[in-house]
file input-v9.cif (mmCIF, C-alpha atoms)
data_protein
#
loop_
_atom_site.group_PDB
_atom_site.id
_atom_site.type_symbol
_atom_site.label_atom_id
_atom_site.label_comp_id
_atom_site.auth_asym_id
_atom_site.auth_seq_id
_atom_site.Cartn_x
_atom_site.Cartn_y
_atom_site.Cartn_z
ATOM 1 C CA MET H 1 -7.081 18.803 -0.153
ATOM 2 C CA LYS H 2 -6.318 18.839 -3.861
ATOM 3 C CA TYR H 3 -2.715 19.883 -3.170
ATOM 4 C CA LEU H 4 -2.219 17.010 -0.724
ATOM 5 C CA LEU H 5 -3.671 14.686 -3.345
ATOM 6 C CA SER H 6 -1.296 16.097 -5.940
ATOM 7 C CA VAL H 7 1.777 15.280 -3.854
ATOM 8 C CA PHE H 8 0.320 11.901 -2.878
ATOM 9 C CA LEU H 9 -0.234 10.903 -6.517
ATOM 10 C CA GLY H 10 3.307 12.012 -7.336
ATOM 11 C CA ALA H 11 4.644 9.701 -4.639
ATOM 12 C CA VAL H 12 2.413 6.861 -5.848
ATOM 13 C CA SER H 13 3.874 7.332 -9.327
ATOM 14 C CA TYR H 14 7.348 6.768 -7.928
ATOM 15 C CA GLY H 15 6.132 3.706 -6.023
ATOM 16 C CA ILE H 16 5.178 1.773 -9.141
ATOM 17 C CA LEU H 17 8.528 2.171 -10.930
ATOM 18 C CA SER H 18 10.321 -0.830 -9.461
ATOM 19 C CA THR H 19 7.455 -3.152 -10.408
ATOM 20 C CA ILE H 20 7.687 -1.974 -14.026
ATOM 21 C CA VAL H 21 11.465 -2.510 -13.989
ATOM 22 C CA VAL H 22 11.086 -6.099 -12.758
ATOM 23 C CA HIS H 23 8.670 -6.819 -15.617
ATOM 24 C CA ALA H 24 11.130 -5.243 -18.083
ATOM 25 C CA TYR H 25 13.876 -7.538 -16.808
ATOM 26 C CA ASP H 26 11.531 -10.528 -17.149
ATOM 27 C CA ALA H 27 10.994 -9.490 -20.782
ATOM 28 C CA GLY H 28 14.745 -9.811 -21.376
ATOM 29 C CA TYR H 29 15.906 -6.173 -21.369
ATOM 30 C CA ASP H 30 19.099 -5.136 -19.608
ATOM 31 C CA LEU H 31 19.915 -2.268 -17.271
ATOM 32 C CA GLY H 32 21.261 0.115 -19.912
ATOM 33 C CA GLU H 33 18.221 -0.364 -22.126
ATOM 34 C CA VAL H 34 15.740 0.155 -19.280
ATOM 35 C CA VAL H 35 17.350 3.239 -17.743
ATOM 36 C CA GLY H 36 18.369 4.683 -21.108
ATOM 37 C CA THR H 37 14.846 4.429 -22.493
ATOM 38 C CA GLN H 38 13.343 5.874 -19.309
ATOM 39 C CA LEU H 39 15.594 8.918 -19.409
ATOM 40 C CA LEU H 40 15.090 9.365 -23.152
ATOM 41 C CA ILE H 41 11.313 9.477 -22.715
ATOM 42 C CA GLY H 42 11.697 11.755 -19.692
ATOM 43 C CA PHE H 43 14.007 13.994 -21.734
ATOM 44 C CA ILE H 44 11.434 14.302 -24.538
ATOM 45 C CA LEU H 45 8.498 14.944 -22.198
ATOM 46 C CA SER H 46 10.435 17.478 -20.104
ATOM 47 C CA TRP H 47 11.529 19.530 -23.096
ATOM 48 C CA LEU H 48 8.004 19.406 -24.505
ATOM 49 C CA MET H 49 6.904 20.950 -21.209
ATOM 50 C CA VAL H 50 9.582 23.646 -21.576
ATOM 51 C CA MET H 51 8.358 24.405 -25.100
ATOM 52 C CA TYR H 52 4.803 24.696 -23.782
ATOM 53 C CA MET H 53 5.968 27.118 -21.099
ATOM 54 C CA LYS H 54 7.819 29.222 -23.678
ATOM 55 C CA VAL H 55 4.647 29.540 -25.732
ATOM 56 C CA ARG H 56 2.654 30.403 -22.623
ATOM 57 C CA ASN H 57 5.199 32.937 -21.438
ATOM 58 C CA LYS H 58 5.069 34.764 -24.748
ATOM 59 C CA ARG H 59 1.536 35.720 -23.776
ATOM 60 C CA GLN H 60 2.531 37.228 -20.493
ATOM 61 C CA SER H 61 5.555 38.958 -19.082
ATOM 62 C CA ALA H 62 8.174 37.041 -17.142
ATOM 63 C CA LYS H 63 7.295 39.135 -14.111
ATOM 64 C CA GLU H 64 3.667 38.033 -14.233
ATOM 65 C CA ALA H 65 4.650 34.414 -14.776
ATOM 66 C CA GLY H 66 6.906 34.539 -11.728
ATOM 67 C CA VAL H 67 9.673 32.459 -13.316
ATOM 68 C CA THR H 68 13.193 32.884 -14.570
ATOM 69 C CA GLN H 69 13.240 32.567 -18.336
ATOM 70 C CA GLU H 70 15.353 29.716 -19.707
ATOM 71 C CA LYS H 71 17.093 32.056 -22.134
ATOM 72 C CA SER H 72 18.649 33.908 -19.191
ATOM 73 C CA LEU H 73 20.573 30.796 -18.163
ATOM 74 C CA THR H 74 24.285 30.881 -18.808
ATOM 75 C CA TRP H 75 26.091 27.785 -20.002
ATOM 76 C CA LYS H 76 27.765 27.585 -16.613
ATOM 77 C CA GLN H 77 24.338 27.353 -14.971
ATOM 78 C CA ARG H 78 23.207 24.766 -17.497
ATOM 79 C CA PHE H 79 26.332 22.726 -16.799
ATOM 80 C CA MET H 80 25.640 22.947 -13.063
ATOM 81 C CA LEU H 81 22.116 21.654 -13.575
ATOM 82 C CA MET H 82 23.273 18.847 -15.853
ATOM 83 C CA SER H 83 25.905 17.877 -13.292
ATOM 84 C CA ALA H 84 23.241 17.838 -10.569
ATOM 85 C CA GLY H 85 21.278 15.386 -12.707
ATOM 86 C CA ILE H 86 24.073 12.807 -12.672
ATOM 87 C CA PRO H 87 23.436 11.532 -9.100
ATOM 88 C CA THR H 88 19.780 10.859 -9.837
ATOM 89 C CA ALA H 89 20.697 8.892 -12.983
ATOM 90 C CA LEU H 90 23.213 6.980 -10.886
ATOM 91 C CA THR H 91 20.483 6.336 -8.319
ATOM 92 C CA GLY H 92 18.329 4.761 -10.995
ATOM 93 C CA LEU H 93 21.195 2.578 -12.225
ATOM 94 C CA LEU H 94 22.070 1.331 -8.735
ATOM 95 C CA TYR H 95 18.470 0.892 -7.603
ATOM 96 C CA TYR H 96 17.334 -0.912 -10.729
ATOM 97 C CA GLN H 97 20.412 -3.150 -10.718
ATOM 98 C CA SER H 98 19.740 -4.126 -7.099
ATOM 99 C CA LEU H 99 16.371 -5.506 -8.253
ATOM 100 C CA ARG H 100 18.267 -8.266 -10.075
ATOM 101 C CA TYR H 101 19.533 -9.619 -6.757
ATOM 102 C CA ILE H 102 17.001 -8.803 -4.039
ATOM 103 C CA PRO H 103 13.210 -8.598 -3.793
ATOM 104 C CA ASN H 104 11.503 -5.380 -4.765
ATOM 105 C CA SER H 105 10.133 -4.970 -1.238
ATOM 106 C CA LEU H 106 13.672 -5.000 0.202
ATOM 107 C CA ALA H 107 15.136 -2.741 -2.501
ATOM 108 C CA ILE H 108 12.667 0.083 -1.798
ATOM 109 C CA VAL H 109 13.316 -0.158 1.951
ATOM 110 C CA LEU H 110 17.047 0.131 1.329
ATOM 111 C CA LEU H 111 16.514 3.116 -0.965
ATOM 112 C CA PHE H 112 14.546 4.809 1.808
ATOM 113 C CA GLN H 113 17.694 4.896 3.915
ATOM 114 C CA PHE H 114 18.328 8.229 2.213
ATOM 115 C CA THR H 115 16.185 9.679 5.016
ATOM 116 C CA TRP H 116 18.902 9.240 7.645
ATOM 117 C CA MET H 117 21.840 9.378 5.236
ATOM 118 C CA GLY H 118 20.821 12.889 4.205
ATOM 119 C CA VAL H 119 20.790 13.964 7.854
ATOM 120 C CA LEU H 120 24.237 12.444 8.380
ATOM 121 C CA ILE H 121 25.678 14.121 5.278
ATOM 122 C CA GLN H 122 24.199 17.448 6.334
ATOM 123 C CA ALA H 123 25.595 17.070 9.861
ATOM 124 C CA ILE H 124 29.061 16.280 8.555
ATOM 125 C CA SER H 125 29.079 19.086 6.004
ATOM 126 C CA SER H 126 27.839 21.656 8.519
ATOM 127 C CA ARG H 127 29.828 20.174 11.429
ATOM 128 C CA LYS H 128 26.706 20.366 13.539
ATOM 129 C CA ARG H 129 25.400 17.486 15.624
ATOM 130 C CA PRO H 130 21.747 16.490 15.010
ATOM 131 C CA ASN H 131 19.348 17.483 17.783
ATOM 132 C CA GLY H 132 17.527 15.054 20.064
ATOM 133 C CA ILE H 133 14.422 14.846 17.879
ATOM 134 C CA MET H 134 16.493 13.960 14.842
ATOM 135 C CA LEU H 135 18.472 11.310 16.740
ATOM 136 C CA LEU H 136 15.195 9.767 17.933
ATOM 137 C CA THR H 137 13.916 9.850 14.350
ATOM 138 C CA LEU H 138 17.042 8.074 13.102
ATOM 139 C CA ALA H 139 16.648 5.379 15.767
ATOM 140 C CA ILE H 140 13.013 4.820 14.747
ATOM 141 C CA LEU H 141 13.969 4.659 11.086
ATOM 142 C CA PHE H 142 16.740 2.169 11.805
ATOM 143 C CA GLY H 143 14.469 -0.087 13.845
ATOM 144 C CA GLY H 144 11.689 0.102 11.275
ATOM 145 C CA THR H 145 14.138 -0.745 8.515
ATOM 146 C CA LEU H 146 15.284 -3.914 10.284
ATOM 147 C CA LEU H 147 11.661 -5.046 10.466
ATOM 148 C CA ALA H 148 10.593 -3.898 6.988
ATOM 149 C CA ALA H 149 13.582 -5.519 5.308
ATOM 150 C CA GLY H 150 12.851 -8.857 6.989
ATOM 151 C CA ILE H 151 16.245 -8.935 8.689
ATOM 152 C CA MET H 152 14.701 -9.660 12.105
ATOM 153 C CA GLU H 153 12.994 -12.760 10.672
ATOM 154 C CA GLN H 154 15.506 -14.073 8.152
ATOM 155 C CA GLY H 155 18.862 -12.543 9.037
ATOM 156 C CA LEU H 156 21.306 -11.150 6.500
ATOM 157 C CA ALA H 157 22.469 -14.594 5.341
ATOM 158 C CA ASP H 158 19.336 -15.100 3.242
ATOM 159 C CA PHE H 159 19.889 -11.937 1.192
ATOM 160 C CA ASP H 160 22.255 -11.468 -1.723
ATOM 161 C CA MET H 161 24.789 -8.991 -0.357
ATOM 162 C CA THR H 162 25.480 -7.633 -3.850
ATOM 163 C CA GLY H 163 21.885 -6.438 -4.046
ATOM 164 C CA VAL H 164 21.958 -5.073 -0.488
ATOM 165 C CA VAL H 165 25.120 -3.067 -1.213
ATOM 166 C CA LEU H 166 23.665 -1.747 -4.479
ATOM 167 C CA GLY H 167 20.466 -0.716 -2.683
ATOM 168 C CA LEU H 168 22.405 1.147 0.002
ATOM 169 C CA LEU H 169 24.605 2.820 -2.618
ATOM 170 C CA ALA H 170 21.421 3.956 -4.384
ATOM 171 C CA ALA H 171 20.333 5.568 -1.105
ATOM 172 C CA VAL H 172 23.698 7.340 -0.812
ATOM 173 C CA SER H 173 23.422 8.570 -4.394
ATOM 174 C CA TYR H 174 19.875 9.803 -3.813
ATOM 175 C CA SER H 175 21.000 11.661 -0.683
ATOM 176 C CA LEU H 176 23.694 13.398 -2.723
ATOM 177 C CA PHE H 177 21.143 14.250 -5.394
ATOM 178 C CA ILE H 178 18.905 15.961 -2.848
ATOM 179 C CA LEU H 179 21.902 17.858 -1.484
ATOM 180 C CA PHE H 180 23.182 19.013 -4.877
ATOM 181 C CA SER H 181 19.842 19.665 -6.552
ATOM 182 C CA GLY H 182 18.774 22.081 -3.848
ATOM 183 C CA LYS H 183 21.889 24.190 -4.465
ATOM 184 C CA ALA H 184 22.002 24.075 -8.264
ATOM 185 C CA VAL H 185 20.558 27.330 -9.625
ATOM 186 C CA PRO H 186 17.527 27.298 -7.273
ATOM 187 C CA SER H 187 16.069 30.507 -8.762
ATOM 188 C CA VAL H 188 15.177 28.752 -12.021
ATOM 189 C CA HIS H 189 11.671 27.391 -12.527
ATOM 190 C CA PRO H 190 11.406 23.628 -11.768
ATOM 191 C CA ALA H 191 10.405 22.782 -15.350
ATOM 192 C CA TYR H 192 13.656 24.210 -16.720
ATOM 193 C CA ARG H 193 15.707 22.696 -13.901
ATOM 194 C CA SER H 194 14.155 19.291 -14.471
ATOM 195 C CA ALA H 195 14.788 19.409 -18.228
ATOM 196 C CA TRP H 196 18.476 20.279 -17.835
ATOM 197 C CA MET H 197 18.971 17.739 -15.033
ATOM 198 C CA ILE H 198 17.427 14.981 -17.118
ATOM 199 C CA THR H 199 19.645 16.040 -20.019
ATOM 200 C CA GLY H 200 22.714 15.611 -17.824
ATOM 201 C CA GLY H 201 21.511 12.250 -16.554
ATOM 202 C CA LEU H 202 20.749 11.055 -20.087
ATOM 203 C CA ILE H 203 24.226 11.979 -21.345
ATOM 204 C CA PHE H 204 25.791 10.232 -18.328
ATOM 205 C CA VAL H 205 23.840 7.003 -18.915
ATOM 206 C CA PHE H 206 24.498 7.029 -22.666
ATOM 207 C CA ILE H 207 28.244 7.331 -21.976
ATOM 208 C CA LEU H 208 28.143 4.329 -19.619
ATOM 209 C CA PHE H 209 25.740 2.345 -21.787
ATOM 210 C CA PRO H 210 25.942 3.363 -25.460
ATOM 211 C CA PRO H 211 22.334 3.456 -26.766
ATOM 212 C CA THR H 212 22.605 0.659 -29.310
ATOM 213 C CA PHE H 213 18.891 -0.005 -28.769
ATOM 214 C CA LEU H 214 18.195 3.160 -30.777
ATOM 215 C CA PHE H 215 19.859 1.720 -33.869
ATOM 216 C CA ASN H 216 19.287 -2.040 -33.765
ATOM 217 C CA GLY H 217 15.496 -1.804 -33.669
ATOM 218 C CA VAL H 218 15.061 -2.937 -30.041
ATOM 219 C CA ILE H 219 13.510 0.413 -29.147
ATOM 220 C CA TRP H 220 10.447 -0.454 -31.257
ATOM 221 C CA SER H 221 9.707 -3.558 -29.215
ATOM 222 C CA SER H 222 7.972 -3.653 -25.836
ATOM 223 C CA LEU H 223 11.013 -1.761 -24.513
ATOM 224 C CA LEU H 224 9.372 1.419 -25.765
ATOM 225 C CA LEU H 225 6.295 0.716 -23.647
ATOM 226 C CA PHE H 226 8.372 0.028 -20.532
ATOM 227 C CA GLY H 227 10.471 3.119 -21.175
ATOM 228 C CA PHE H 228 7.405 5.265 -21.749
ATOM 229 C CA LEU H 229 5.823 4.114 -18.476
ATOM 230 C CA LEU H 230 9.051 4.651 -16.539
ATOM 231 C CA GLY H 231 9.657 8.041 -18.129
ATOM 232 C CA LEU H 232 6.070 9.141 -17.588
ATOM 233 C CA PHE H 233 5.718 7.985 -13.971
ATOM 234 C CA GLY H 234 9.326 8.558 -12.945
ATOM 235 C CA ALA H 235 10.640 11.594 -14.787
ATOM 236 C CA PHE H 236 7.596 13.629 -15.765
ATOM 237 C CA ILE H 237 4.416 13.252 -13.700
ATOM 238 C CA PRO H 238 5.912 13.470 -10.161
ATOM 239 C CA PRO H 239 7.850 16.733 -10.723
ATOM 240 C CA VAL H 240 4.751 18.336 -12.242
ATOM 241 C CA LEU H 241 2.487 17.187 -9.406
ATOM 242 C CA PHE H 242 5.014 18.199 -6.756
ATOM 243 C CA ALA H 243 5.399 21.615 -8.374
ATOM 244 C CA ILE H 244 1.631 22.045 -8.080
ATOM 245 C CA GLY H 245 1.200 20.774 -4.534
ATOM 246 C CA VAL H 246 4.334 21.500 -2.508
ATOM 247 C CA PRO H 247 4.133 25.328 -2.489
ATOM 248 C CA HIS H 248 0.713 25.047 -0.882
ATOM 249 C CA ILE H 249 1.285 22.311 1.714
ATOM 250 C CA GLY H 250 4.921 23.042 2.637
ATOM 251 C CA GLY H 251 8.099 21.012 2.455
ATOM 252 C CA GLY H 252 7.577 19.192 5.765
ATOM 253 C CA MET H 253 4.107 17.940 4.910
ATOM 254 C CA ALA H 254 5.299 17.081 1.403
ATOM 255 C CA GLY H 255 7.953 14.831 2.942
ATOM 256 C CA ILE H 256 5.302 13.024 4.974
ATOM 257 C CA VAL H 257 2.831 12.601 2.105
ATOM 258 C CA GLY H 258 5.651 11.762 -0.303
ATOM 259 C CA ALA H 259 6.617 8.799 1.871
ATOM 260 C CA ALA H 260 3.568 7.046 0.375
ATOM 261 C CA GLU H 261 6.041 5.736 -2.192
ATOM 262 C CA LEU H 262 7.244 3.130 0.316
ATOM 263 C CA PRO H 263 3.972 1.326 1.130
ATOM 264 C CA VAL H 264 2.855 1.536 -2.500
ATOM 265 C CA ALA H 265 6.051 -0.176 -3.698
ATOM 266 C CA VAL H 266 5.825 -2.846 -0.999
ATOM 267 C CA MET H 267 2.127 -3.444 -1.716
ATOM 268 C CA LEU H 268 2.784 -3.875 -5.444
ATOM 269 C CA SER H 269 5.605 -6.270 -4.604
ATOM 270 C CA ALA H 270 3.146 -8.456 -2.745
ATOM 271 C CA VAL H 271 0.157 -8.134 -5.090
ATOM 272 C CA VAL H 272 1.744 -7.902 -8.558
ATOM 273 C CA LEU H 273 5.132 -9.601 -8.129
ATOM 274 C CA HIS H 274 3.814 -12.111 -5.553
ATOM 275 C CA GLU H 275 6.678 -11.509 -3.156
ATOM 276 C CA HIS H 276 6.142 -12.621 0.434
ATOM 277 C CA VAL H 277 5.682 -9.651 2.743
ATOM 278 C CA SER H 278 5.036 -10.669 6.354
ATOM 279 C CA MET H 279 3.004 -8.786 8.932
ATOM 280 C CA LEU H 280 6.259 -8.001 10.750
ATOM 281 C CA GLN H 281 7.588 -6.369 7.583
ATOM 282 C CA TRP H 282 4.397 -4.337 7.215
ATOM 283 C CA ALA H 283 4.840 -3.228 10.818
ATOM 284 C CA GLY H 284 8.336 -2.098 9.877
ATOM 285 C CA VAL H 285 6.944 -0.076 6.949
ATOM 286 C CA VAL H 286 4.529 1.684 9.314
ATOM 287 C CA ILE H 287 7.371 2.443 11.741
ATOM 288 C CA VAL H 288 9.499 3.882 8.925
ATOM 289 C CA LEU H 289 6.602 6.122 7.884
ATOM 290 C CA LEU H 290 6.196 7.283 11.487
ATOM 291 C CA GLY H 291 9.898 8.070 11.577
ATOM 292 C CA VAL H 292 9.597 10.162 8.415
ATOM 293 C CA ALA H 293 6.623 12.043 9.878
ATOM 294 C CA LEU H 294 8.005 12.545 13.405
ATOM 295 C CA PRO H 295 10.090 15.729 12.863
ATOM 296 C CA GLU H 296 7.197 17.570 11.212
ATOM 297 C CA LEU H 297 4.732 16.377 13.837
ATOM 298 C CA MET H 298 7.015 17.494 16.658
ATOM 299 C CA ARG H 299 7.505 20.870 14.978
ATOM 300 C CA SER H 300 3.726 21.268 14.730
ATOM 301 C CA VAL H 301 3.272 20.405 18.407
ATOM 302 C CA SER H 302 6.023 22.786 19.499
ATOM 303 C CA GLY H 303 4.520 25.557 17.385
ATOM 304 C CA GLY H 304 7.035 26.090 14.662
ATOM 305 C CA GLY H 305 10.703 26.481 14.022
ATOM 306 C CA PRO H 306 12.258 27.916 10.918
ATOM 307 C CA ARG H 307 10.531 27.133 7.649
ATOM 308 C CA MET H 308 11.954 27.090 4.197
ATOM 309 C CA SER H 309 10.925 29.649 1.644
ATOM 310 C CA ARG H 310 8.418 28.624 -0.988
ATOM 311 C CA ARG H 311 11.035 28.606 -3.723
ATOM 312 C CA THR H 312 13.460 26.501 -1.666
ATOM 313 C CA ARG H 313 10.771 23.988 -0.754
ATOM 314 C CA LEU H 314 9.715 23.731 -4.355
ATOM 315 C CA THR H 315 13.117 23.204 -5.868
ATOM 316 C CA GLU H 316 14.238 20.626 -3.314
ATOM 317 C CA VAL H 317 11.515 18.119 -4.128
ATOM 318 C CA THR H 318 11.159 18.504 -7.873
ATOM 319 C CA SER H 319 13.273 17.229 -10.750
ATOM 320 C CA THR H 320 13.658 13.792 -9.143
ATOM 321 C CA ILE H 321 14.113 10.604 -11.130
ATOM 322 C CA HIS H 322 14.258 7.214 -9.395
#

call {"tool": "encode", "arguments": {"input": "input-v9.cif", "output": "structure tokens"}}
result
Amino acid sequence: MKYLLSVFLGAVSYGILSTIVVHAYDAGYDLGEVVGTQLLIGFILSWLMVMYMKVRNKRQSAKEAGVTQEKSLTWKQRFMLMSAGIPTALTGLLYYQSLRYIPNSLAIVLLFQFTWMGVLIQAISSRKRPNGIMLLTLAILFGGTLLAAGIMEQGLADFDMTGVVLGLLAAVSYSLFILFSGKAVPSVHPAYRSAWMITGGLIFVFILFPPTFLFNGVIWSSLLLFGFLLGLFGAFIPPVLFAIGVPHIGGGMAGIVGAAELPVAVMLSAVVLHEHVSMLQWAGVVIVLLGVALPELMRSVSGGGPRMSRRTRLTEVTSTIH
């Protein structure tokens, strides 16, 4: 139970990010300042975790710790990890920018389109058609999305298409992140992978948005609080909690429990941001969650199918920044 709770709390942490971003925008901060501060805090916390692990590992052999030591990484491997961190930084930029144009409740639904986009990308790359269960899942997800986004009630005309496009691009970027992160030096412990990925994302964002807030004193305003909350709940806590829980509950169950991010974000949109979320939209959220859970439920009913190794499951869900 504690491992399920660990993954659940990690997903909840992700679910509150967009609400914090909206408040940061209301306080007058721009995209570069918000994302830059988030990644900076995540960078500091992640490398503090690496330092802690180095101290711990001095007290026991690498074999007993069951990890690959950071010092064994080549610069090529570090570059691969930093490159894999770019899509997740791009996801944050696109997702957070979409919040300027569309409601938070719609933005998170659009981001969740990574569920079917990832399947499509995988099918194209492997040149293998999805099976019947996956096609049914995609149909359920599509129908639930139409309801959850409010399209069935309001139509597309009532939404700012700039925000819709940005939200969908964020989903594409997140799908690419999942694809690349699972292949980038998977033998390395998640703490080291996360630190190097965040480093790559931070450099990418600082190139696009030079961090003037570090030198003009803005960092010492409430921006630091927003950045700390975003870095803590977006770049630090979820990877740690997922690293604890996923090896014990499995990748499939982690995907189901991790989908808690969606209802949490929508609920906060209604309660904290006072956005209107209709019963039809809530029904759509439930349908989307059922679509996420369907493949694992069908696999359980049928008695199995191939399962990923513990290391693969672990590395595919950690090191994520929204």

call {"tool": "residues_around", "arguments": {"input": "input-v9.cif", "residues": "segment 16-24 of chain H", "least_positions_apart": "3", "cutoff": "7 Å", "atoms": "only C-alpha atoms", "output": "PDB file with C-alpha atoms, in the coordinates of the input"}}
result
ATOM      1  CA  VAL H  12       2.413   6.861  -5.848  1.00  0.00           C
ATOM      2  CA  SER H  13       3.874   7.332  -9.327  1.00  0.00           C
ATOM      3  CA  ALA H  27      10.994  -9.490 -20.782  1.00  0.00           C
ATOM      4  CA  GLY H  28      14.745  -9.811 -21.376  1.00  0.00           C
ATOM      5  CA  TYR H  29      15.906  -6.173 -21.369  1.00  0.00           C
ATOM      6  CA  TYR H  96      17.334  -0.912 -10.729  1.00  0.00           C
ATOM      7  CA  LEU H  99      16.371  -5.506  -8.253  1.00  0.00           C
ATOM      8  CA  ASN H 104      11.503  -5.380  -4.765  1.00  0.00           C
ATOM      9  CA  PHE H 226       8.372   0.028 -20.532  1.00  0.00           C
ATOM     10  CA  LEU H 230       9.051   4.651 -16.539  1.00  0.00           C
ATOM     11  CA  GLY H 234       9.326   8.558 -12.945  1.00  0.00           C
ATOM     12  CA  ALA H 265       6.051  -0.176  -3.698  1.00  0.00           C
ATOM     13  CA  LEU H 268       2.784  -3.875  -5.444  1.00  0.00           C
ATOM     14  CA  SER H 269       5.605  -6.270  -4.604  1.00  0.00           C
TER      15      SER H 269
END

call {"tool": "closest_residue", "arguments": {"input": "input-v9.cif", "among": "H:Phe209, H:Trp47, H:Phe215, H:Phe180", "to": "Met80 of chain H", "atoms": "all atoms listed in the file"}}
result
H:Phe180

call {"tool": "closest_residue", "arguments": {"input": "input-v9.cif", "among": "H:Phe8, H:Trp116, H:Phe177, H:Tyr101", "to": "Phe159 of chain H", "atoms": "only C-alpha atoms"}}
result
H:Tyr101

call {"tool": "resolve_selection", "arguments": {"input": "input-v9.cif", "expression": "the PyMOL selection byres ((chain H and resi 87) around 12)", "output": "PyMOL selection string"}}
result
chain H and resi 81-86+88-95+169-181+197-198+200-202+204-205+319-322

call {"tool": "atom_distance", "arguments": {"input": "input-v9.cif", "atom1": "atom CA of Trp75 of chain H", "atom2": "atom CA of Phe236 of chain H"}}
result
23.7 Å

call {"tool": "resolve_selection", "arguments": {"input": "input-v9.cif", "expression": "the PyMOL selection byres ((chain H and resi 44) around 12)", "output": "PyMOL selection string"}}
result
chain H and resi 37-43+45-51+194-196+198-199+202+227-228+231-232+235-236

call {"tool": "axis_aligned_box", "arguments": {"input": "input-v9.cif", "around": "segment 5-10 of chain H", "padding_each_side": "6 Å", "output": "JSON"}}
result
{"center_x": -0.2, "center_y": 13.5, "center_z": -5.1, "size_x": 19.0, "size_y": 17.2, "size_z": 16.5}

call {"tool": "atom_distance", "arguments": {"input": "input-v9.cif", "atom1": "atom CA of Ser98 of chain H", "atom2": "atom CA of Leu262 of chain H"}}
result
16.2 Å

call {"tool": "closest_residue", "arguments": {"input": "input-v9.cif", "among": "H:Leu120, H:Ala243, H:Leu290, H:Ile203", "to": "Phe79 of chain H", "atoms": "all atoms listed in the file"}}
result
H:Ile203

call {"tool": "atom_distance", "arguments": {"input": "input-v9.cif", "atom1": "atom CA of Val264 of chain H", "atom2": "atom CA of Gly15 of chain H"}}
result
5.3 Å

call {"tool": "build_atoms", "arguments": {"input": "input-v9.cif", "residues": "segment 42-52 of chain H", "atoms": "N, CA, C and O atoms", "output": "PDB file, in the frame of the given file"}}
result
ATOM      1  N   GLY H  42      11.780  10.629 -20.615  1.00  0.00           N
ATOM      2  CA  GLY H  42      11.697  11.755 -19.692  1.00  0.00           C
ATOM      3  C   GLY H  42      12.272  13.021 -20.295  1.00  0.00           C
ATOM      4  O   GLY H  42      11.738  14.123 -20.101  1.00  0.00           O
ATOM      5  N   PHE H  43      13.370  12.873 -21.040  1.00  0.00           N
ATOM      6  CA  PHE H  43      14.007  13.994 -21.734  1.00  0.00           C
ATOM      7  C   PHE H  43      13.030  14.631 -22.728  1.00  0.00           C
ATOM      8  O   PHE H  43      12.861  15.859 -22.762  1.00  0.00           O
ATOM      9  N   ILE H  44      12.371  13.801 -23.531  1.00  0.00           N
ATOM     10  CA  ILE H  44      11.434  14.302 -24.538  1.00  0.00           C
ATOM     11  C   ILE H  44      10.250  15.000 -23.876  1.00  0.00           C
ATOM     12  O   ILE H  44       9.867  16.121 -24.259  1.00  0.00           O
ATOM     13  N   LEU H  45       9.662  14.364 -22.862  1.00  0.00           N
ATOM     14  CA  LEU H  45       8.498  14.944 -22.198  1.00  0.00           C
ATOM     15  C   LEU H  45       8.850  16.244 -21.476  1.00  0.00           C
ATOM     16  O   LEU H  45       8.069  17.211 -21.495  1.00  0.00           O
ATOM     17  N   SER H  46      10.031  16.278 -20.845  1.00  0.00           N
ATOM     18  CA  SER H  46      10.435  17.478 -20.104  1.00  0.00           C
ATOM     19  C   SER H  46      10.653  18.662 -21.034  1.00  0.00           C
ATOM     20  O   SER H  46      10.245  19.792 -20.727  1.00  0.00           O
ATOM     21  N   TRP H  47      11.284  18.421 -22.175  1.00  0.00           N
ATOM     22  CA  TRP H  47      11.529  19.530 -23.096  1.00  0.00           C
ATOM     23  C   TRP H  47      10.253  19.948 -23.828  1.00  0.00           C
ATOM     24  O   TRP H  47      10.109  21.106 -24.222  1.00  0.00           O
ATOM     25  N   LEU H  48       9.314  19.011 -23.981  1.00  0.00           N
ATOM     26  CA  LEU H  48       8.004  19.406 -24.505  1.00  0.00           C
ATOM     27  C   LEU H  48       7.303  20.341 -23.517  1.00  0.00           C
ATOM     28  O   LEU H  48       6.642  21.308 -23.921  1.00  0.00           O
ATOM     29  N   MET H  49       7.458  20.070 -22.224  1.00  0.00           N
ATOM     30  CA  MET H  49       6.904  20.950 -21.209  1.00  0.00           C
ATOM     31  C   MET H  49       7.554  22.333 -21.263  1.00  0.00           C
ATOM     32  O   MET H  49       6.885  23.362 -21.132  1.00  0.00           O
ATOM     33  N   VAL H  50       8.880  22.368 -21.464  1.00  0.00           N
ATOM     34  CA  VAL H  50       9.582  23.646 -21.576  1.00  0.00           C
ATOM     35  C   VAL H  50       9.072  24.426 -22.781  1.00  0.00           C
ATOM     36  O   VAL H  50       8.853  25.647 -22.705  1.00  0.00           O
ATOM     37  N   MET H  51       8.876  23.737 -23.907  1.00  0.00           N
ATOM     38  CA  MET H  51       8.358  24.405 -25.100  1.00  0.00           C
ATOM     39  C   MET H  51       6.972  24.975 -24.841  1.00  0.00           C
ATOM     40  O   MET H  51       6.641  26.092 -25.275  1.00  0.00           O
ATOM     41  N   TYR H  52       6.147  24.209 -24.122  1.00  0.00           N
ATOM     42  CA  TYR H  52       4.803  24.696 -23.782  1.00  0.00           C
ATOM     43  C   TYR H  52       4.897  25.958 -22.928  1.00  0.00           C
ATOM     44  O   TYR H  52       4.149  26.926 -23.141  1.00  0.00           O
TER      45      TYR H  52
END
